[in-house]
>>> print(open('model-v4.tsv').read())   # TSV, C-alpha atoms and all ligand atoms
chain	number	residue	atom	x	y	z
A	681	MET	CA	-17.28	-54.43	-72.46
A	682	GLU	CA	-20.80	-55.64	-71.64
A	683	LEU	CA	-23.07	-53.30	-69.66
A	684	ASP	CA	-23.28	-55.75	-66.70
A	685	GLU	CA	-19.51	-55.85	-66.38
A	686	ILE	CA	-19.27	-52.05	-66.51
A	687	ILE	CA	-21.93	-51.76	-63.80
A	688	GLN	CA	-20.09	-54.31	-61.62
A	689	LYS	CA	-16.79	-52.46	-61.97
A	690	ASP	CA	-18.47	-49.13	-61.24
A	691	LYS	CA	-20.16	-50.51	-58.13
A	692	LYS	CA	-16.88	-51.97	-56.89
A	693	TYR	CA	-14.40	-49.19	-57.69
A	694	TYR	CA	-16.19	-45.90	-58.24
A	695	MET	CA	-17.20	-43.69	-55.34
A	696	ASN	CA	-20.93	-44.01	-54.92
A	697	THR	CA	-21.86	-40.34	-55.24
A	698	PHE	CA	-24.63	-40.95	-57.79
A	699	GLY	CA	-26.58	-43.80	-56.17
A	700	ASN	CA	-28.12	-46.11	-58.72
A	701	ARG	CA	-27.40	-44.71	-62.13
A	702	ILE	CA	-29.75	-45.27	-65.04
A	703	PRO	CA	-28.58	-48.63	-66.45
A	704	VAL	CA	-27.11	-47.59	-69.77
A	705	CYS	CA	-23.65	-46.76	-71.09
A	706	PHE	CA	-23.31	-44.61	-74.18
A	707	THR	CA	-20.51	-45.16	-76.64
A	708	HIS	CA	-21.13	-42.42	-79.17
A	709	GLY	CA	-23.52	-39.73	-80.25
A	710	LYS	CA	-24.54	-37.60	-83.21
A	711	GLY	CA	-26.79	-34.56	-83.11
A	712	ILE	CA	-29.61	-35.20	-80.67
A	713	TYR	CA	-28.93	-38.97	-80.72
A	714	LEU	CA	-26.91	-41.12	-78.34
A	715	TYR	CA	-26.07	-44.80	-78.90
A	716	ASP	CA	-25.51	-47.39	-76.19
A	717	ASN	CA	-23.09	-50.31	-76.36
A	718	ASP	CA	-25.80	-52.56	-77.79
A	719	GLY	CA	-26.32	-50.09	-80.64
A	720	ASN	CA	-29.68	-48.79	-79.37
A	721	GLU	CA	-30.56	-45.22	-80.35
A	722	TYR	CA	-31.76	-42.68	-77.77
A	723	ARG	CA	-32.96	-39.10	-78.19
A	724	ASP	CA	-31.09	-36.82	-75.85
A	725	PHE	CA	-33.43	-34.16	-74.48
A	726	PHE	CA	-31.15	-33.51	-71.53
A	727	ALA	CA	-27.97	-32.86	-73.54
A	728	GLY	CA	-25.63	-33.73	-70.71
A	729	ILE	CA	-27.53	-31.26	-68.50
A	730	ALA	CA	-27.28	-28.38	-70.93
A	731	VAL	CA	-23.70	-29.12	-71.96
A	732	CYS	CA	-24.06	-30.27	-75.57
A	733	ALA	CA	-25.53	-27.13	-77.12
A	734	LEU	CA	-24.46	-28.11	-80.65
A	735	GLY	CA	-25.58	-31.69	-80.27
A	736	HIS	CA	-23.19	-34.62	-80.00
A	737	SER	CA	-20.08	-34.88	-82.16
A	738	HIS	CA	-20.62	-31.58	-83.96
A	739	PRO	CA	-17.87	-31.41	-86.60
A	740	ALA	CA	-16.85	-27.84	-85.65
A	741	LEU	CA	-16.14	-28.97	-82.08
A	742	VAL	CA	-14.61	-32.35	-82.97
A	743	ASN	CA	-12.27	-30.81	-85.54
A	744	ALA	CA	-11.25	-27.98	-83.21
A	745	ILE	CA	-10.37	-30.45	-80.44
A	746	CYS	CA	-8.53	-32.87	-82.76
A	747	ASP	CA	-6.59	-30.13	-84.55
A	748	GLN	CA	-5.57	-28.45	-81.30
A	749	ALA	CA	-4.70	-31.75	-79.57
A	750	LYS	CA	-2.21	-32.49	-82.33
A	751	LYS	CA	-0.49	-29.14	-81.74
A	752	LEU	CA	-0.56	-28.25	-78.05
A	753	ILE	CA	-2.80	-29.46	-75.23
A	754	HIS	CA	-1.46	-27.51	-72.31
A	755	CYS	CA	1.45	-25.27	-71.50
A	756	SER	CA	1.18	-22.87	-68.58
A	757	ASN	CA	-0.49	-19.63	-67.72
A	758	LEU	CA	3.03	-18.24	-67.31
A	759	TYR	CA	2.92	-17.73	-71.07
A	760	TYR	CA	0.50	-16.04	-73.43
A	761	ILE	CA	-2.10	-18.38	-74.95
A	762	GLU	CA	-3.62	-17.36	-78.28
A	763	GLN	CA	-6.84	-19.41	-77.95
A	764	GLN	CA	-7.42	-18.03	-74.43
A	765	ALA	CA	-7.09	-14.43	-75.59
A	766	ARG	CA	-9.37	-15.09	-78.58
A	767	LEU	CA	-12.09	-16.81	-76.55
A	768	ALA	CA	-12.01	-14.01	-73.98
A	769	GLU	CA	-12.36	-11.51	-76.84
A	770	LEU	CA	-15.31	-13.42	-78.33
A	771	ILE	CA	-17.14	-13.46	-74.98
A	772	VAL	CA	-16.44	-9.77	-74.37
A	773	GLU	CA	-17.53	-8.76	-77.89
A	774	ASN	CA	-20.87	-10.52	-77.40
A	775	SER	CA	-21.66	-9.72	-73.77
A	776	CYS	CA	-21.65	-6.93	-71.21
A	777	ALA	CA	-18.33	-8.13	-69.76
A	778	ASP	CA	-15.01	-6.34	-70.29
A	779	ARG	CA	-12.73	-9.10	-69.02
A	780	VAL	CA	-12.79	-12.87	-68.64
A	781	PHE	CA	-10.93	-15.44	-66.54
A	782	PHE	CA	-11.11	-19.14	-67.41
A	783	ALA	CA	-11.61	-21.87	-64.82
A	784	ASN	CA	-12.44	-25.57	-65.26
A	785	SER	CA	-16.04	-25.85	-64.08
A	786	GLY	CA	-19.11	-23.90	-63.08
A	787	ALA	CA	-18.30	-24.21	-59.39
A	788	GLU	CA	-14.78	-22.91	-59.94
A	789	ALA	CA	-16.05	-19.98	-61.99
A	790	ASN	CA	-18.52	-19.16	-59.18
A	791	GLU	CA	-15.77	-19.45	-56.56
A	792	GLY	CA	-13.91	-16.87	-58.61
A	793	ALA	CA	-16.98	-14.63	-58.69
A	794	ILE	CA	-17.38	-14.83	-54.90
A	795	LYS	CA	-13.67	-14.10	-54.35
A	796	LEU	CA	-13.76	-11.18	-56.80
A	797	ALA	CA	-16.84	-9.61	-55.15
A	798	ARG	CA	-15.13	-9.72	-51.74
A	799	LEU	CA	-11.82	-8.49	-53.12
A	800	TYR	CA	-13.51	-5.59	-54.92
A	801	PHE	CA	-14.65	-4.07	-51.63
A	802	ARG	CA	-11.44	-4.95	-49.80
A	803	LYS	CA	-9.51	-2.99	-52.41
A	804	LYS	CA	-11.88	-0.08	-51.83
A	805	GLY	CA	-10.97	-0.14	-48.14
A	806	MET	CA	-14.21	-1.88	-47.07
A	807	PRO	CA	-12.92	-5.25	-45.78
A	808	ASP	CA	-16.11	-5.96	-43.80
A	809	LYS	CA	-18.25	-6.05	-46.93
A	810	TYR	CA	-18.15	-9.77	-47.69
A	811	GLU	CA	-21.68	-11.09	-47.18
A	812	ILE	CA	-23.54	-12.46	-50.18
A	813	VAL	CA	-27.28	-12.85	-50.62
A	814	THR	CA	-28.42	-15.66	-52.91
A	815	LEU	CA	-31.78	-17.35	-53.55
A	816	TYR	CA	-33.51	-20.38	-52.10
A	817	ASN	CA	-33.64	-23.20	-54.61
A	818	SER	CA	-30.49	-21.97	-56.32
A	819	PHE	CA	-27.58	-24.17	-57.32
A	820	HIS	CA	-24.10	-22.69	-57.61
A	821	GLY	CA	-21.80	-25.71	-57.24
A	822	ARG	CA	-20.40	-28.26	-54.82
A	823	THR	CA	-17.23	-26.64	-53.52
A	824	LEU	CA	-17.54	-25.32	-49.98
A	825	ALA	CA	-18.18	-21.66	-50.86
A	826	THR	CA	-20.51	-22.44	-53.76
A	827	LEU	CA	-22.37	-24.95	-51.55
A	828	ALA	CA	-22.83	-22.15	-49.06
A	829	ALA	CA	-24.19	-20.01	-51.89
A	830	THR	CA	-26.50	-22.82	-53.05
A	831	GLY	CA	-29.98	-22.43	-51.60
A	832	GLN	CA	-30.82	-26.11	-51.13
A	833	GLU	CA	-30.24	-27.69	-47.75
A	834	LYS	CA	-30.04	-31.23	-49.08
A	835	TYR	CA	-26.70	-30.44	-50.75
A	836	GLN	CA	-25.35	-28.45	-47.83
A	837	LYS	CA	-26.28	-30.39	-44.71
A	838	PRO	CA	-23.67	-33.19	-44.82
A	839	PHE	CA	-20.80	-30.72	-45.19
A	840	ALA	CA	-21.34	-28.14	-42.47
A	841	PRO	CA	-19.71	-25.91	-41.46
A	842	LEU	CA	-19.78	-24.19	-44.82
A	843	THR	CA	-18.17	-20.93	-45.82
A	844	PRO	CA	-19.96	-18.37	-43.63
A	845	LYS	CA	-21.83	-15.18	-44.54
A	846	PHE	CA	-24.23	-16.37	-47.21
A	847	SER	CA	-27.94	-15.77	-46.74
A	848	HIS	CA	-30.90	-16.83	-48.86
A	849	VAL	CA	-34.19	-15.27	-49.92
A	850	PRO	CA	-37.04	-16.51	-52.14
A	851	ILE	CA	-36.88	-15.78	-55.87
A	852	ASN	CA	-39.04	-12.89	-57.16
A	853	ASP	CA	-39.51	-11.39	-53.69
A	854	VAL	CA	-38.15	-7.84	-53.71
A	855	GLN	CA	-39.01	-7.06	-50.09
A	856	ALA	CA	-37.23	-10.16	-48.78
A	857	LEU	CA	-34.13	-9.19	-50.74
A	858	GLU	CA	-34.15	-5.62	-49.44
A	859	LYS	CA	-34.48	-6.96	-45.90
A	860	ALA	CA	-31.60	-9.42	-46.31
A	861	ILE	CA	-29.11	-6.79	-47.49
A	862	ASN	CA	-27.12	-5.12	-44.70
A	863	GLU	CA	-24.09	-2.84	-44.51
A	864	ASN	CA	-21.76	-5.84	-44.84
A	865	THR	CA	-23.37	-7.21	-48.00
A	866	CYS	CA	-21.04	-7.12	-51.00
A	867	ALA	CA	-23.19	-8.85	-53.63
A	868	VAL	CA	-26.43	-10.44	-54.70
A	869	MET	CA	-25.91	-13.64	-56.67
A	870	LEU	CA	-28.62	-15.42	-58.66
A	871	GLU	CA	-29.46	-17.60	-61.63
A	872	PRO	CA	-31.75	-15.63	-64.01
A	873	VAL	CA	-33.45	-18.97	-64.61
A	874	GLN	CA	-32.92	-21.45	-61.78
A	875	GLY	CA	-32.00	-24.83	-63.22
A	876	GLU	CA	-31.36	-27.54	-60.64
A	877	GLY	CA	-34.03	-26.03	-58.39
A	878	GLY	CA	-36.75	-26.95	-60.90
A	879	VAL	CA	-36.60	-24.39	-63.73
A	880	HIS	CA	-37.83	-21.18	-62.11
A	881	PRO	CA	-37.33	-18.01	-64.17
A	882	ALA	CA	-36.91	-14.66	-62.42
A	883	THR	CA	-39.52	-12.12	-63.51
A	884	ALA	CA	-38.59	-8.96	-65.42
A	885	GLU	CA	-39.91	-6.77	-62.59
A	886	TYR	CA	-37.77	-8.64	-60.09
A	887	MET	CA	-34.59	-8.47	-62.17
A	888	ASN	CA	-35.03	-4.74	-62.73
A	889	ALA	CA	-35.73	-4.20	-59.03
A	890	VAL	CA	-32.65	-6.25	-58.06
A	891	ARG	CA	-30.42	-4.15	-60.32
A	892	LYS	CA	-31.88	-0.96	-58.86
A	893	ILE	CA	-31.41	-2.15	-55.28
A	894	CYS	CA	-27.79	-3.16	-55.97
A	895	ASP	CA	-27.09	0.26	-57.52
A	896	GLU	CA	-28.72	2.13	-54.66
A	897	LYS	CA	-26.85	0.12	-52.03
A	898	GLY	CA	-23.58	0.19	-53.99
A	899	ILE	CA	-23.24	-3.60	-54.12
A	900	LEU	CA	-22.43	-5.99	-56.93
A	901	LEU	CA	-24.84	-8.11	-58.92
A	902	ILE	CA	-23.61	-11.56	-59.96
A	903	PHE	CA	-25.51	-13.75	-62.42
A	904	ASP	CA	-24.78	-17.47	-62.53
A	905	GLU	CA	-25.40	-18.31	-66.19
A	906	VAL	CA	-23.67	-21.68	-65.95
A	907	GLN	CA	-26.84	-23.48	-66.99
A	908	CYS	CA	-29.06	-20.76	-68.49
A	909	GLY	CA	-26.38	-19.00	-70.54
A	910	LEU	CA	-25.08	-19.47	-74.08
A	911	GLY	CA	-28.30	-19.52	-76.09
A	912	ARG	CA	-30.23	-21.95	-73.89
A	913	THR	CA	-33.07	-19.55	-73.02
A	914	GLY	CA	-33.48	-18.07	-76.49
A	915	LYS	CA	-30.92	-15.29	-76.11
A	916	LEU	CA	-27.15	-15.66	-75.98
A	917	PHE	CA	-27.22	-14.69	-72.29
A	918	ALA	CA	-30.32	-15.05	-70.11
A	919	TYR	CA	-29.82	-11.56	-68.64
A	920	GLN	CA	-30.55	-10.13	-72.11
A	921	HIS	CA	-34.23	-11.04	-71.65
A	922	TYR	CA	-34.47	-8.54	-68.84
A	923	GLY	CA	-32.58	-5.50	-70.11
A	924	VAL	CA	-30.46	-5.78	-66.96
A	925	GLU	CA	-26.69	-6.18	-66.90
A	926	PRO	CA	-24.77	-7.85	-64.07
A	927	ASP	CA	-21.36	-6.67	-62.78
A	928	ILE	CA	-20.12	-10.25	-62.86
A	929	PHE	CA	-21.47	-13.35	-64.59
A	930	THR	CA	-20.29	-16.91	-64.88
A	931	LEU	CA	-20.47	-19.51	-67.65
A	932	ALA	CA	-19.50	-23.19	-67.94
A	933	LYS	CA	-21.47	-26.26	-69.13
A	934	ALA	CA	-22.17	-25.49	-72.81
A	935	LEU	CA	-19.16	-23.23	-73.35
A	936	ALA	CA	-16.83	-25.96	-74.62
A	937	GLY	CA	-19.53	-28.49	-75.49
A	938	GLY	CA	-18.42	-31.11	-72.97
A	939	PHE	CA	-14.79	-30.17	-72.60
A	940	PRO	CA	-14.30	-28.84	-69.04
A	941	ILE	CA	-14.20	-25.05	-68.86
A	942	GLY	CA	-15.70	-22.29	-66.76
A	943	ALA	CA	-15.64	-18.54	-67.33
A	944	LEU	CA	-15.69	-15.71	-64.82
A	945	CYS	CA	-16.76	-12.59	-66.72
A	946	ALA	CA	-16.81	-9.07	-65.26
A	947	LYS	CA	-17.03	-5.38	-65.98
A	948	GLU	CA	-13.69	-3.56	-66.02
A	949	HIS	CA	-14.08	-1.70	-62.72
A	950	VAL	CA	-14.73	-5.01	-60.93
A	951	ALA	CA	-12.27	-7.19	-62.84
A	952	SER	CA	-9.46	-4.77	-62.14
A	953	ALA	CA	-9.66	-5.64	-58.43
A	954	PHE	CA	-7.61	-8.75	-59.22
A	955	GLU	CA	-3.89	-8.09	-59.10
A	956	PRO	CA	-1.30	-10.53	-60.45
A	957	GLY	CA	-0.95	-13.56	-58.19
A	958	GLU	CA	-4.30	-13.16	-56.44
A	959	HIS	CA	-6.17	-15.81	-58.44
A	960	GLY	CA	-5.19	-18.62	-60.77
A	961	SER	CA	-5.63	-22.15	-62.10
A	962	THR	CA	-3.21	-24.69	-63.57
A	963	PHE	CA	-5.59	-25.93	-66.25
A	964	GLY	CA	-7.94	-22.97	-66.55
A	965	GLY	CA	-7.88	-21.48	-70.04
A	966	ASN	CA	-5.66	-24.16	-71.56
A	967	PRO	CA	-5.34	-24.16	-75.37
A	968	LEU	CA	-7.46	-27.29	-75.85
A	969	ALA	CA	-10.41	-26.13	-73.72
A	970	CYS	CA	-10.30	-22.67	-75.29
A	971	SER	CA	-10.17	-24.09	-78.85
A	972	ALA	CA	-13.27	-26.12	-77.98
A	973	GLY	CA	-14.87	-22.99	-76.52
A	974	LEU	CA	-14.07	-20.95	-79.63
A	975	ALA	CA	-15.65	-23.61	-81.86
A	976	VAL	CA	-18.80	-23.87	-79.75
A	977	LEU	CA	-19.38	-20.19	-79.06
A	978	SER	CA	-18.72	-19.10	-82.63
A	979	THR	CA	-21.11	-21.82	-83.90
A	980	ILE	CA	-23.83	-20.76	-81.44
A	981	ILE	CA	-23.43	-17.16	-82.61
A	982	ASN	CA	-22.97	-17.76	-86.36
A	983	GLU	CA	-25.75	-20.32	-86.67
A	984	LYS	CA	-28.05	-18.21	-84.47
A	985	LEU	CA	-28.80	-21.19	-82.26
A	986	SER	CA	-30.31	-18.96	-79.59
A	987	ASP	CA	-32.97	-17.96	-82.16
A	988	ASN	CA	-33.66	-21.64	-82.77
A	989	ALA	CA	-33.93	-22.17	-79.00
A	990	ALA	CA	-36.49	-19.33	-78.81
A	991	GLU	CA	-38.53	-20.55	-81.77
A	992	VAL	CA	-38.56	-24.25	-80.93
A	993	GLY	CA	-39.08	-23.46	-77.24
A	994	ASN	CA	-42.13	-21.26	-78.01
A	995	TYR	CA	-43.51	-23.96	-80.27
A	996	PHE	CA	-43.14	-26.51	-77.46
A	997	PHE	CA	-44.80	-24.26	-74.86
A	998	GLU	CA	-47.76	-23.68	-77.21
A	999	LYS	CA	-48.15	-27.38	-77.94
A	1000	MET	CA	-47.88	-28.25	-74.26
A	1001	ASP	CA	-50.91	-26.06	-73.55
A	1002	SER	CA	-53.20	-28.66	-75.13
A	1003	LEU	CA	-51.37	-31.55	-73.44
A	1004	LYS	CA	-51.78	-29.77	-70.12
A	1005	ASN	CA	-55.53	-29.53	-70.72
A	1006	LYS	CA	-55.67	-33.23	-71.53
A	1007	PHE	CA	-53.62	-34.33	-68.51
A	1008	PRO	CA	-54.57	-32.51	-65.30
A	1009	ILE	CA	-51.61	-34.16	-63.58
A	1010	ILE	CA	-49.48	-31.51	-65.37
A	1011	SER	CA	-49.74	-28.51	-63.08
A	1012	GLU	CA	-47.34	-26.15	-64.86
A	1013	VAL	CA	-45.06	-25.94	-67.87
A	1014	ARG	CA	-42.49	-23.21	-67.40
A	1015	GLY	CA	-39.11	-21.95	-68.49
A	1016	LYS	CA	-37.55	-19.96	-71.29
A	1017	GLY	CA	-36.45	-21.16	-74.72
A	1018	LEU	CA	-35.07	-24.68	-74.40
A	1019	MET	CA	-34.78	-24.61	-70.61
A	1020	ILE	CA	-38.07	-26.23	-69.70
A	1021	GLY	CA	-39.66	-27.66	-66.56
A	1022	ILE	CA	-42.89	-29.64	-66.44
A	1023	GLU	CA	-44.31	-29.69	-62.92
A	1024	PHE	CA	-46.69	-32.47	-61.91
A	1025	ALA	CA	-49.38	-32.22	-59.26
A	1026	LYS	CA	-48.03	-35.47	-57.76
A	1027	PRO	CA	-44.50	-36.81	-57.13
A	1028	VAL	CA	-44.35	-38.77	-60.39
A	1029	ALA	CA	-41.44	-37.07	-62.15
A	1030	LYS	CA	-38.99	-39.95	-61.67
A	1031	GLN	CA	-41.60	-42.50	-62.79
A	1032	VAL	CA	-42.38	-40.46	-65.91
A	1033	ASN	CA	-38.67	-40.04	-66.58
A	1034	MET	CA	-38.03	-43.81	-66.38
A	1035	LYS	CA	-40.97	-44.54	-68.69
A	1036	LEU	CA	-39.55	-42.05	-71.18
A	1037	PHE	CA	-36.17	-43.73	-70.81
A	1038	GLU	CA	-37.76	-47.10	-71.63
A	1039	ARG	CA	-38.92	-45.46	-74.87
A	1040	ARG	CA	-35.34	-44.21	-75.35
A	1041	TYR	CA	-36.02	-40.57	-74.59
A	1042	LEU	CA	-33.50	-39.02	-72.18
A	1043	LEU	CA	-34.80	-36.30	-69.86
A	1044	GLY	CA	-34.03	-35.22	-66.30
A	1045	THR	CA	-35.85	-34.45	-63.07
A	1046	SER	CA	-35.70	-31.95	-60.26
A	1047	GLY	CA	-36.99	-33.28	-56.96
A	1048	GLU	CA	-40.04	-35.53	-57.12
A	1049	ASN	CA	-42.38	-33.30	-59.12
A	1050	VAL	CA	-40.47	-31.65	-61.95
A	1051	LEU	CA	-39.42	-33.13	-65.27
A	1052	ARG	CA	-36.64	-31.16	-66.95
A	1053	ILE	CA	-36.03	-30.76	-70.66
A	1054	LEU	CA	-32.72	-29.34	-71.89
A	1055	PRO	CA	-32.24	-30.53	-75.47
A	1056	PRO	CA	-29.33	-29.53	-77.70
A	1057	LEU	CA	-29.98	-26.10	-79.23
A	1058	ILE	CA	-30.12	-27.68	-82.71
A	1059	VAL	CA	-33.31	-29.57	-81.86
A	1060	THR	CA	-36.20	-29.16	-84.35
A	1061	LYS	CA	-39.95	-28.73	-83.98
A	1062	GLU	CA	-40.37	-32.27	-85.35
A	1063	ASP	CA	-38.08	-33.58	-82.59
A	1064	MET	CA	-40.25	-31.80	-80.03
A	1065	ASP	CA	-43.40	-33.25	-81.61
A	1066	GLY	CA	-41.89	-36.69	-81.12
A	1067	LEU	CA	-41.24	-35.94	-77.45
A	1068	ILE	CA	-44.77	-34.60	-76.91
A	1069	ASN	CA	-46.30	-37.73	-78.51
A	1070	VAL	CA	-44.24	-40.04	-76.33
A	1071	LEU	CA	-44.96	-37.94	-73.25
A	1072	ALA	CA	-48.70	-38.20	-73.96
A	1073	GLU	CA	-48.34	-41.97	-74.31
A	1074	VAL	CA	-46.49	-42.21	-71.00
A	1075	LEU	CA	-48.93	-39.96	-69.14
A	1076	GLN	CA	-51.85	-42.25	-70.12
A	1077	ASP	CA	-50.44	-44.78	-67.64
A	1078	ILE	CA	-49.70	-42.33	-64.83
A	1079	ASN	CA	-52.36	-41.63	-62.21
B	1	LIG	N1	-24.23	-23.20	-61.38
B	1	LIG	C1	-25.33	-23.70	-61.96
B	1	LIG	C2	-26.49	-22.80	-62.26
B	1	LIG	C3	-25.39	-25.07	-62.31
B	1	LIG	O1	-26.49	-25.57	-62.88
B	1	LIG	C4	-24.27	-25.88	-62.03
B	1	LIG	C5	-24.26	-27.36	-62.38
B	1	LIG	N2	-25.45	-28.01	-62.36
B	1	LIG	C6	-23.15	-25.31	-61.41
B	1	LIG	C7	-23.17	-23.97	-61.11
B	1	LIG	C8	-21.94	-26.13	-61.10
B	1	LIG	O2	-21.24	-26.41	-62.26
B	1	LIG	P1	-20.12	-27.57	-62.26
B	1	LIG	O3	-20.82	-28.86	-62.05
B	1	LIG	O4	-19.47	-27.43	-63.61
B	1	LIG	O5	-19.19	-27.24	-61.15
>>> encode(input="model-v4.tsv", output="structure tokens")
Amino acid sequence: MELDEIIQKDKKYYMNTFGNRIPVCFTHGKGIYLYDNDGNEYRDFFAGIAVCALGHSHPALVNAICDQAKKLIHCSNLYYIEQQARLAELIVENSCADRVFFANSGAEANEGAIKLARLYFRKKGMPDKYEIVTLYNSFHGRTLATLAATGQEKYQKPFAPLTPKFSHVPINDVQALEKAINENTCAVMLEPVQGEGGVHPATAEYMNAVRKICDEKGILLIFDEVQCGLGRTGKLFAYQHYGVEPDIFTLAKALAGGFPIGALCAKEHVASAFEPGEHGSTFGGNPLACSAGLAVLSTIINEKLSDNAAEVGNYFFEKMDSLKNKFPIISEVRGKGLMIGIEFAKPVAKQVNMKLFERRYLLGTSGENVLRILPPLIVTKEDMDGLINVLAEVLQDIN
């Protein structure tokens, strides 16, 4: 089908939740490349918003999905599922979690985390402990409870009233957090590196202070690693940068490389609050999604892709120092590993992004000022050089 016809059909039949999409339709991909239906080649530095960690059409993932699809796509969580048990084991063996539950998205995993935190205290005979403190600028999903957790009004406003008893404080502000916690607080929930909010990493001092405060107050610490987890920041889990372990953390996006999955991961004493029948999902943890997850996670681990993310990310940050000196419109380059934000002194991010798109480089934005870079974890230094050259070219024309 021609692009114009696809756009017409979309405009007529699809719910307009995206506004005007970028006018392109991809038919296939390989590695960091995507190809549109005219055969044009694009470099994907946004990787489906951090989903395609291995790059597009990685044989380990494609073969795992094809092999599993031929055998069994879905049965029911009434029965034992080998791939589910194995993927849970692989996550537990490589993280601080003792138990895992599989959902179908980041939002659903976070819903599970919120439910589990409340249930944990209810089971301890403290039913009034259900308030959750999260951060401004955070993004935790678009279901009603995760919207309430999300610290960005623009997503929340149209859907009020939201799930009550969420409050928000600024990132890296210990005093504000201490103030926000009261006797009814059950958990603090945060992204170690905020993604949608414009790539803001928490500092090591802050993360250590948050853990200490949670311990002192006897409340749970939840990390949303939906975007920053699974090698993206240069370690398998972003919390590993800080020497701080959460009681609960969530994963999604990259876990099955584009196949829908979410994971709610928790320490034993928290996870055991769930009793049979108290939580569930028809599709969560199905054999196909878990086979995809096994292929992706084992490849990330075996091929040490988090090390590549650290090395290539550091290289990029160093190189960007000289570009920043050359172009004062760049006010900050920040992030960790291959989770990168370039902040501009003016609201030009969308303009820069479209100019990069015209040169067939795919990136993303956050608000009006931040350009976001989330390439596949297999990206090379040469690929980053290419991006920097094109970015320099584009910035020549931006005032
Ligand atoms: N948490 C974070 C940190 C995210 O970045 C996102 C998605 N952008 C979500 C949760 C929601 O994930 P999903 O879209 O899979 O529900």
>>> residues_near_ligand(input="model-v4.tsv", ligand="ligand LIG 1 (chain B)", cutoff="9 Å", atoms="all atoms listed in the file", output="PyMOL selection string")
chain A and resi 729-730+784-790+818-823+826+830+870-871+873-877+904-908+930-933+940-942
>>> write_last_selection(input="model-v4.tsv", atoms="C-alpha atoms", output="compact mmCIF listing (two decimals), keeping the file's coordinate frame")
# COMPACT_ATOMS: atom_id res chain seq x y z
CA ILE A 729 -27.53 -31.26 -68.50
CA ALA A 730 -27.28 -28.38 -70.93
CA ASN A 784 -12.44 -25.57 -65.26
CA SER A 785 -16.04 -25.85 -64.08
CA GLY A 786 -19.11 -23.90 -63.08
CA ALA A 787 -18.30 -24.21 -59.39
CA GLU A 788 -14.78 -22.91 -59.94
CA ALA A 789 -16.05 -19.98 -61.99
CA ASN A 790 -18.52 -19.16 -59.18
CA SER A 818 -30.49 -21.97 -56.32
CA PHE A 819 -27.58 -24.17 -57.32
CA HIS A 820 -24.10 -22.69 -57.61
CA GLY A 821 -21.80 -25.71 -57.24
CA ARG A 822 -20.40 -28.26 -54.82
CA THR A 823 -17.23 -26.64 -53.52
CA THR A 826 -20.51 -22.44 -53.76
CA THR A 830 -26.50 -22.82 -53.05
CA LEU A 870 -28.62 -15.42 -58.66
CA GLU A 871 -29.46 -17.60 -61.63
CA VAL A 873 -33.45 -18.97 -64.61
CA GLN A 874 -32.92 -21.45 -61.78
CA GLY A 875 -32.00 -24.83 -63.22
CA GLU A 876 -31.36 -27.54 -60.64
CA GLY A 877 -34.03 -26.03 -58.39
CA ASP A 904 -24.78 -17.47 -62.53
CA GLU A 905 -25.40 -18.31 -66.19
CA VAL A 906 -23.67 -21.68 -65.95
CA GLN A 907 -26.84 -23.48 -66.99
CA CYS A 908 -29.06 -20.76 -68.49
CA THR A 930 -20.29 -16.91 -64.88
CA LEU A 931 -20.47 -19.51 -67.65
CA ALA A 932 -19.50 -23.19 -67.94
CA LYS A 933 -21.47 -26.26 -69.13
CA PRO A 940 -14.30 -28.84 -69.04
CA ILE A 941 -14.20 -25.05 -68.86
CA GLY A 942 -15.70 -22.29 -66.76
>>> closest_residue(input="model-v4.tsv", among="A:Lys947, A:Leu985, A:Leu968, A:Glu1023", to="Ala749 in chain A", atoms="only C-alpha atoms")
A:Leu968
>>> closest_residue(input="model-v4.tsv", among="A:Leu974, A:Cys945, A:Leu1075, A:Leu1057", to="Lys1006 in chain A", atoms="only C-alpha atoms")
A:Leu1075
>>> axis_aligned_box(input="model-v4.tsv", around="range 957-971 of chain A", padding_each_side="6 Å", output="JSON")
{"center_x": -5.7, "center_y": -20.2, "center_z": -67.6, "size_x": 21.5, "size_y": 26.1, "size_z": 34.4}
>>> residues_near_point(input="model-v4.tsv", point="(-31.3, -2.4, -55.5)", cutoff="12 Å", atoms="only C-alpha atoms", output="PyMOL selection string")
chain A and resi 854-862+865+867-868+885-901+924
>>> closest_residue(input="model-v4.tsv", among="A:Lys803, A:Arg779, A:Lys751, A:Lys710", to="His738 in chain A", atoms="only C-alpha atoms")
A:Lys710
>>> residues_near_point(input="model-v4.tsv", point="(-35.2, -32.9, -63.6)", cutoff="10 Å", atoms="all atoms listed in the file", output="list of chain:residue names")
A:Phe726, A:Ile729, A:Gly875, A:Glu876, A:Gly877, A:Gly878, A:Val879, A:Ile1020, A:Gly1021, A:Ile1022, A:Glu1023, A:Ala1029, A:Lys1030, A:Asn1033, A:Leu1043, A:Gly1044, A:Thr1045, A:Ser1046, A:Gly1047, A:Glu1048, A:Asn1049, A:Val1050, A:Leu1051, A:Arg1052, A:Ile1053, A:Leu1054
>>> residues_around(input="model-v4.tsv", residues="Glu833 in chain A", least_positions_apart="2", cutoff="12 Å", atoms="all atoms listed in the file", output="list in words")
Leu815, Tyr816, Asn817, Ser818, Phe819, Leu827, Ala828, Ala829, Thr830, Gly831, Tyr835, Gln836, Lys837, Pro838, Phe839, Ala840, Leu842, His848 and Gly877 of chain A
>>> closest_residue(input="model-v4.tsv", among="A:Ser756, A:Asn994, A:Thr979, A:Asn852", to="Thr962 in chain A", atoms="only C-alpha atoms")
A:Ser756
>>> atom_distance(input="model-v4.tsv", atom1="CA of Ala975 in chain A", atom2="CA of Tyr995 in chain A")
27.9 Å
